[in-house]
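Raw protein_35.pdb, PDB, C-alpha atoms, pLDDT in the B column:
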```pdb
ATOM      1  CA  MET A 275      52.422  61.861  45.686  1.00 67.00           C
ATOM      2  CA  LYS A 276      54.274  63.782  42.986  1.00 83.00           C
ATOM      3  CA  ALA A 277      57.608  62.516  41.694  1.00 88.00           C
ATOM      4  CA  ARG A 278      60.537  64.889  41.991  1.00 92.00           C
ATOM      5  CA  GLU A 279      63.663  64.716  39.885  1.00 93.00           C
ATOM      6  CA  ILE A 280      66.940  64.210  41.732  1.00 94.00           C
ATOM      7  CA  ALA A 281      70.556  64.346  40.571  1.00 94.00           C
ATOM      8  CA  VAL A 282      72.441  61.272  39.355  1.00 94.00           C
ATOM      9  CA  THR A 283      76.194  60.853  39.561  1.00 93.00           C
ATOM     10  CA  LEU A 284      77.913  58.992  36.724  1.00 96.00           C
ATOM     11  CA  PRO A 285      79.543  56.561  36.447  1.00 95.00           C
ATOM     12  CA  HIS A 286      77.049  54.304  38.205  1.00 96.00           C
ATOM     13  CA  PRO A 287      77.817  50.671  39.119  1.00 97.00           C
ATOM     14  CA  ALA A 288      74.595  49.374  37.503  1.00 97.00           C
ATOM     15  CA  LEU A 289      75.888  50.535  34.074  1.00 98.00           C
ATOM     16  CA  PRO A 290      79.450  51.847  34.397  1.00 96.00           C
ATOM     17  CA  GLY A 291      79.631  53.136  30.811  1.00 95.00           C
ATOM     18  CA  ALA A 292      76.361  55.088  30.997  1.00 97.00           C
ATOM     19  CA  ASP A 293      76.501  58.509  29.352  1.00 97.00           C
ATOM     20  CA  TRP A 294      72.948  59.614  30.205  1.00 97.00           C
ATOM     21  CA  ALA A 295      70.838  59.251  33.351  1.00 97.00           C
ATOM     22  CA  ASP A 296      67.849  60.590  35.204  1.00 96.00           C
ATOM     23  CA  CYS A 297      66.258  59.761  38.529  1.00 97.00           C
ATOM     24  CA  PHE A 298      62.876  60.469  40.097  1.00 96.00           C
ATOM     25  CA  GLU A 299      61.791  59.950  43.693  1.00 96.00           C
ATOM     26  CA  VAL A 300      58.507  59.664  45.571  1.00 96.00           C
ATOM     27  CA  THR A 301      57.700  59.135  49.239  1.00 94.00           C
ATOM     28  CA  VAL A 302      55.016  56.566  50.010  1.00 94.00           C
ATOM     29  CA  SER A 303      53.241  55.580  53.207  1.00 92.00           C
ATOM     30  CA  GLY A 304      54.318  52.456  55.020  1.00 88.00           C
ATOM     31  CA  LEU A 305      57.503  50.606  55.817  1.00 86.00           C
ATOM     32  CA  GLY A 306      58.828  47.268  54.595  1.00 86.00           C
ATOM     33  CA  LEU A 307      58.460  48.018  50.885  1.00 94.00           C
ATOM     34  CA  THR A 308      61.205  46.169  49.007  1.00 96.00           C
ATOM     35  CA  ALA A 309      62.634  47.365  45.711  1.00 98.00           C
ATOM     36  CA  GLU A 310      61.159  44.354  43.901  1.00 97.00           C
ATOM     37  CA  ILE A 311      57.658  45.000  45.249  1.00 96.00           C
ATOM     38  CA  ALA A 312      57.947  48.676  44.256  1.00 97.00           C
ATOM     39  CA  ALA A 313      59.148  47.696  40.765  1.00 97.00           C
ATOM     40  CA  ARG A 314      56.309  45.186  40.355  1.00 96.00           C
ATOM     41  CA  ARG A 315      53.739  47.789  41.409  1.00 93.00           C
ATOM     42  CA  ALA A 316      55.268  50.202  38.905  1.00 92.00           C
ATOM     43  CA  PHE A 317      55.717  47.917  35.879  1.00 90.00           C
ATOM     44  CA  GLU A 318      53.401  44.903  36.065  1.00 88.00           C
ATOM     45  CA  GLN A 319      50.303  46.875  35.002  1.00 81.00           C
ATOM     46  CA  MET A 320      51.384  49.601  32.623  1.00 72.00           C
ATOM     47  CA  PRO A 321      48.739  52.158  31.620  1.00 71.00           C
ATOM     48  CA  LYS A 322      47.024  51.381  28.308  1.00 74.00           C
ATOM     49  CA  TRP A 323      48.405  54.544  26.712  1.00 69.00           C
ATOM     50  CA  ALA A 324      51.973  53.464  27.615  1.00 67.00           C
ATOM     51  CA  GLY A 325      51.311  50.004  26.176  1.00 68.00           C
ATOM     52  CA  GLY A 326      50.154  51.645  22.961  1.00 69.00           C
ATOM     53  CA  LEU A 327      53.330  53.716  22.812  1.00 67.00           C
ATOM     54  CA  MET A 328      55.448  50.589  23.339  1.00 68.00           C
ATOM     55  CA  ALA A 329      53.606  48.767  20.533  1.00 69.00           C
ATOM     56  CA  LEU A 330      54.240  51.739  18.226  1.00 69.00           C
ATOM     57  CA  ARG A 331      57.886  51.821  19.299  1.00 65.00           C
ATOM     58  CA  ASN A 332      58.255  48.109  18.529  1.00 66.00           C
ATOM     59  CA  LEU A 333      56.895  48.614  14.991  1.00 66.00           C
ATOM     60  CA  MET A 334      59.147  51.607  14.385  1.00 65.00           C
ATOM     61  CA  VAL A 335      62.402  49.973  15.527  1.00 60.00           C
ATOM     62  CA  ARG A 336      61.933  46.657  13.703  1.00 66.00           C
ATOM     63  CA  PRO A 337      63.385  47.949  10.378  1.00 62.00           C
ATOM     64  CA  PHE A 338      66.549  48.992  12.231  1.00 60.00           C
ATOM     65  CA  GLY A 339      67.122  45.506  13.669  1.00 60.00           C
ATOM     66  CA  LEU A 340      66.478  46.599  17.252  1.00 60.00           C
ATOM     67  CA  GLN A 341      64.861  44.437  19.887  1.00 62.00           C
ATOM     68  CA  GLY A 342      61.134  45.009  19.980  1.00 56.00           C
ATOM     69  CA  ASP A 343      59.936  41.832  21.638  1.00 55.00           C
ATOM     70  CA  PRO A 344      60.388  41.771  25.437  1.00 55.00           C
ATOM     71  CA  ASP A 345      60.150  37.969  25.475  1.00 56.00           C
ATOM     72  CA  ALA A 346      63.062  37.697  23.052  1.00 56.00           C
ATOM     73  CA  ALA A 347      65.045  40.356  24.910  1.00 56.00           C
ATOM     74  CA  ALA A 348      64.576  38.553  28.230  1.00 56.00           C
ATOM     75  CA  ALA A 349      65.547  35.156  26.757  1.00 63.00           C
ATOM     76  CA  GLY A 350      63.686  33.303  29.501  1.00 69.00           C
ATOM     77  CA  ALA A 351      65.212  35.341  32.340  1.00 77.00           C
ATOM     78  CA  PRO A 352      63.029  36.380  35.289  1.00 92.00           C
ATOM     79  CA  ARG A 353      61.312  39.703  34.642  1.00 92.00           C
ATOM     80  CA  VAL A 354      59.415  42.506  36.250  1.00 93.00           C
ATOM     81  CA  GLY A 355      56.820  43.510  33.706  1.00 88.00           C
ATOM     82  CA  MET A 356      58.627  43.477  30.384  1.00 85.00           C
ATOM     83  CA  PHE A 357      62.086  44.124  31.858  1.00 90.00           C
ATOM     84  CA  PRO A 358      64.603  41.359  32.614  1.00 94.00           C
ATOM     85  CA  ILE A 359      65.996  41.324  36.170  1.00 96.00           C
ATOM     86  CA  ILE A 360      69.767  41.884  36.218  1.00 96.00           C
ATOM     87  CA  SER A 361      70.228  41.969  40.001  1.00 97.00           C
ATOM     88  CA  ASN A 362      67.888  41.924  42.956  1.00 97.00           C
ATOM     89  CA  ASP A 363      68.490  42.938  46.570  1.00 97.00           C
ATOM     90  CA  PRO A 364      65.829  43.993  49.107  1.00 96.00           C
ATOM     91  CA  ASP A 365      66.645  47.700  48.721  1.00 97.00           C
ATOM     92  CA  GLU A 366      67.678  47.750  45.034  1.00 98.00           C
ATOM     93  CA  ILE A 367      66.570  45.923  41.902  1.00 98.00           C
ATOM     94  CA  VAL A 368      68.242  46.485  38.528  1.00 98.00           C
ATOM     95  CA  LEU A 369      66.285  45.818  35.329  1.00 96.00           C
ATOM     96  CA  GLY A 370      67.196  46.283  31.673  1.00 94.00           C
ATOM     97  CA  PHE A 371      68.915  44.878  28.645  1.00 88.00           C
ATOM     98  CA  ASP A 372      71.487  45.614  25.978  1.00 91.00           C
ATOM     99  CA  ASP A 373      70.837  46.285  22.297  1.00 87.00           C
ATOM    100  CA  ARG A 374      72.802  47.424  19.247  1.00 86.00           C
ATOM    101  CA  HIS A 375      71.891  51.099  19.642  1.00 88.00           C
ATOM    102  CA  LEU A 376      72.021  51.410  23.433  1.00 91.00           C
ATOM    103  CA  ASP A 377      72.122  49.578  26.749  1.00 94.00           C
ATOM    104  CA  PHE A 378      69.794  50.661  29.512  1.00 94.00           C
ATOM    105  CA  ARG A 379      69.152  49.931  33.152  1.00 97.00           C
ATOM    106  CA  ILE A 380      66.264  50.831  35.403  1.00 96.00           C
ATOM    107  CA  VAL A 381      67.368  50.958  39.032  1.00 98.00           C
ATOM    108  CA  VAL A 382      64.592  50.945  41.623  1.00 98.00           C
ATOM    109  CA  GLN A 383      65.731  51.690  45.172  1.00 98.00           C
ATOM    110  CA  THR A 384      63.774  51.825  48.409  1.00 97.00           C
ATOM    111  CA  GLU A 385      64.764  53.381  51.713  1.00 96.00           C
ATOM    112  CA  ALA A 386      62.786  53.363  54.952  1.00 94.00           C
ATOM    113  CA  LEU A 387      62.245  56.851  56.356  1.00 92.00           C
ATOM    114  CA  ASN A 388      60.954  58.147  59.673  1.00 81.00           C
ATOM    115  CA  HIS A 389      57.225  58.442  60.296  1.00 79.00           C
ATOM    116  CA  GLN A 390      56.170  55.188  58.586  1.00 90.00           C
ATOM    117  CA  GLN A 391      57.246  56.211  55.089  1.00 93.00           C
ATOM    118  CA  THR A 392      59.453  54.772  52.354  1.00 95.00           C
ATOM    119  CA  SER A 393      61.414  56.656  49.709  1.00 96.00           C
ATOM    120  CA  VAL A 394      61.244  55.054  46.241  1.00 97.00           C
ATOM    121  CA  ARG A 395      63.744  56.133  43.600  1.00 97.00           C
ATOM    122  CA  MET A 396      63.594  55.129  39.940  1.00 97.00           C
ATOM    123  CA  MET A 397      66.760  55.768  37.987  1.00 97.00           C
ATOM    124  CA  THR A 398      67.242  55.253  34.249  1.00 97.00           C
ATOM    125  CA  LEU A 399      70.793  54.749  32.996  1.00 98.00           C
ATOM    126  CA  VAL A 400      71.630  54.693  29.282  1.00 97.00           C
ATOM    127  CA  LYS A 401      74.824  53.890  27.394  1.00 97.00           C
ATOM    128  CA  ARG A 402      74.403  55.027  23.791  1.00 96.00           C
ATOM    129  CA  HIS A 403      76.484  53.102  21.254  1.00 95.00           C
ATOM    130  CA  ASN A 404      75.959  55.122  18.088  1.00 93.00           C
ATOM    131  CA  ARG A 405      74.010  57.857  16.323  1.00 93.00           C
ATOM    132  CA  LEU A 406      70.870  55.701  16.283  1.00 86.00           C
ATOM    133  CA  GLY A 407      71.065  55.430  20.080  1.00 88.00           C
ATOM    134  CA  ARG A 408      71.345  59.205  20.434  1.00 93.00           C
ATOM    135  CA  VAL A 409      68.443  59.840  18.033  1.00 88.00           C
ATOM    136  CA  TYR A 410      66.317  57.151  19.693  1.00 84.00           C
ATOM    137  CA  LEU A 411      66.850  58.632  23.158  1.00 88.00           C
ATOM    138  CA  ALA A 412      66.011  62.140  21.918  1.00 90.00           C
ATOM    139  CA  VAL A 413      62.783  60.907  20.294  1.00 85.00           C
ATOM    140  CA  ILE A 414      61.524  58.964  23.308  1.00 83.00           C
ATOM    141  CA  MET A 415      62.521  61.509  25.972  1.00 88.00           C
ATOM    142  CA  PRO A 416      59.177  63.375  26.200  1.00 86.00           C
ATOM    143  CA  PHE A 417      57.386  60.037  26.602  1.00 84.00           C
ATOM    144  CA  HIS A 418      59.989  58.636  29.001  1.00 87.00           C
ATOM    145  CA  LYS A 419      59.419  61.328  31.618  1.00 87.00           C
ATOM    146  CA  ARG A 420      55.622  60.873  31.482  1.00 86.00           C
ATOM    147  CA  ILE A 421      55.923  57.100  31.761  1.00 85.00           C
ATOM    148  CA  VAL A 422      58.283  57.366  34.759  1.00 89.00           C
ATOM    149  CA  ALA A 423      55.901  59.747  36.529  1.00 86.00           C
ATOM    150  CA  SER A 424      52.981  57.429  35.807  1.00 85.00           C
ATOM    151  CA  THR A 425      54.800  54.294  36.977  1.00 87.00           C
ATOM    152  CA  LEU A 426      55.941  55.945  40.199  1.00 90.00           C
ATOM    153  CA  SER A 427      52.390  57.064  40.941  1.00 87.00           C
ATOM    154  CA  ARG A 428      51.338  53.391  41.123  1.00 86.00           C
ATOM    155  CA  VAL A 429      53.926  52.475  43.773  1.00 91.00           C
TER     156      VAL A 429
END
```
Translate this structure into structure tokens?
Amino acid sequence: MKAREIAVTLPHPALPGADWADCFEVTVSGLGLTAEIAARRAFEQMPKWAGGLMALRNLMVRPFGLQGDPDAAAAGAPRVGMFPIISNDPDEIVLGFDDRHLDFRIVVQTEALNHQQTSVRMMTLVKRHNRLGRVYLAVIMPFHKRIVASTLSRV
């Protein structure tokens, strides 16, 4: 099950002001997979190497006053993994939060296909607020694509 990149059209209702986006899709066996279940499979048990990268990221952004603590960012809201839930429907869950440098959303969508399969799409939407947001996105991009591929492989 290899993730394939698919096109994203902006603006997107999950983050209308987004100026950057990507989306990856996999097809999995079985029907009845909701977006929340797919998101939980993807994010509840992150690989150790991704956890290490997130810990490093949190140390690096602290001097810039950016949110590094997922508990603080979620402010008690329900979460999937470290990401606060913004909206939740059976075929689409939106996760993410807003910060000084950028706002981001992760949109996980599921769609039942023929032959007992489900399509799972994971879209990342970003609205950069300033130069720090643009630099941050450029720095994390090589890691972002690997993390998305890894998370989709666990769905």
- Nearest to Ile311 in chain A by atom-to-atom distance, counting all atoms listed in the file, from A:Ala351, A:Ile367, A:Ala386, A:Met415: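 Closest to Ile311 in chain A, using all atoms listed in the file: A:Ile367.
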- Nearby residues (all atoms listed in the file) at most 9 Å from Cys297 in chain A, same-chain spacing under 2 positions excluded, as a PyMOL selection string: chain A and resi 278-282+295+299+381+395-399
- Item | For Val400 in chain A, the nearest of the candidates A:Ile359, A:Ala292, A:Leu426, A:Ala309, counting only C-alpha atoms |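 Among A:Ile359, A:Ala292, A:Leu426, A:Ala309, it is A:Ala292 that comes nearest to Val400 in chain A.
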- Which of A:Val368, A:Ile360, A:Val354, A:Val394 sits closest to Arg428 in chain A [using all atoms listed in the file]: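 Of all the options, A:Val394 lies closest to Arg428 in chain A.
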- Query: CA of Asp363 in chain A to CA of Phe298 in chain A: how many Å, to one decimal?
  - Reply: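 So the two atoms, CA of Asp363 in chain A and CA of Phe298 in chain A, lie 19.5 Å apart.
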- Using all atoms listed in the file, pick whichever of A:Ala277, A:Val302, A:Ala316, A:Leu376 has the shortest atom-to-atom distance to Phe357 in chain A.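 Nearest candidate to Phe357 in chain A out of A:Ala277, A:Val302, A:Ala316, A:Leu376: A:Ala316.
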- Task: Work out how far CA of Gln319 in chain A is from CA of His286 in chain A, in Å to one decimal.
- Result: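 Going from CA of His286 in chain A over to CA of Gln319 in chain A, I get 27.9 Å.
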- Item | One-decimal distance in Å that lies between CA of Glu385 in chain A and CA of Pro352 in chain A |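 If I compute the distance from CA of Pro352 in chain A to CA of Glu385 in chain A, I get 23.7 Å.
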- Would you kindly return, as JSON, numbers by chain, each protein, DNA or RNA residue with an atom no farther than 12 Å from any atom of His418 in chain A, considering only C-alpha atoms and excluding same-chain residues fewer than 4 positions away? {"A": [295, 296, 297, 298, 324, 327, 328, 380, 397, 398, 410, 411, 412, 413, 414, 422, 423, 424, 425]}
Output C-alpha atoms of each residue in that selection to a file, as an mmCIF file, in the frame of the given file.
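Saved to result-v8.cif:
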```
data_model
loop_
_atom_site.group_PDB
_atom_site.id
_atom_site.type_symbol
_atom_site.label_atom_id
_atom_site.label_comp_id
_atom_site.auth_asym_id
_atom_site.auth_seq_id
_atom_site.Cartn_x
_atom_site.Cartn_y
_atom_site.Cartn_z
ATOM 1 C CA ALA A 295 70.838 59.251 33.351
ATOM 2 C CA ASP A 296 67.849 60.590 35.204
ATOM 3 C CA CYS A 297 66.258 59.761 38.529
ATOM 4 C CA PHE A 298 62.876 60.469 40.097
ATOM 5 C CA ALA A 324 51.973 53.464 27.615
ATOM 6 C CA LEU A 327 53.330 53.716 22.812
ATOM 7 C CA MET A 328 55.448 50.589 23.339
ATOM 8 C CA ILE A 380 66.264 50.831 35.403
ATOM 9 C CA MET A 397 66.760 55.768 37.987
ATOM 10 C CA THR A 398 67.242 55.253 34.249
ATOM 11 C CA TYR A 410 66.317 57.151 19.693
ATOM 12 C CA LEU A 411 66.850 58.632 23.158
ATOM 13 C CA ALA A 412 66.011 62.140 21.918
ATOM 14 C CA VAL A 413 62.783 60.907 20.294
ATOM 15 C CA ILE A 414 61.524 58.964 23.308
ATOM 16 C CA VAL A 422 58.283 57.366 34.759
ATOM 17 C CA ALA A 423 55.901 59.747 36.529
ATOM 18 C CA SER A 424 52.981 57.429 35.807
ATOM 19 C CA THR A 425 54.800 54.294 36.977
#
```
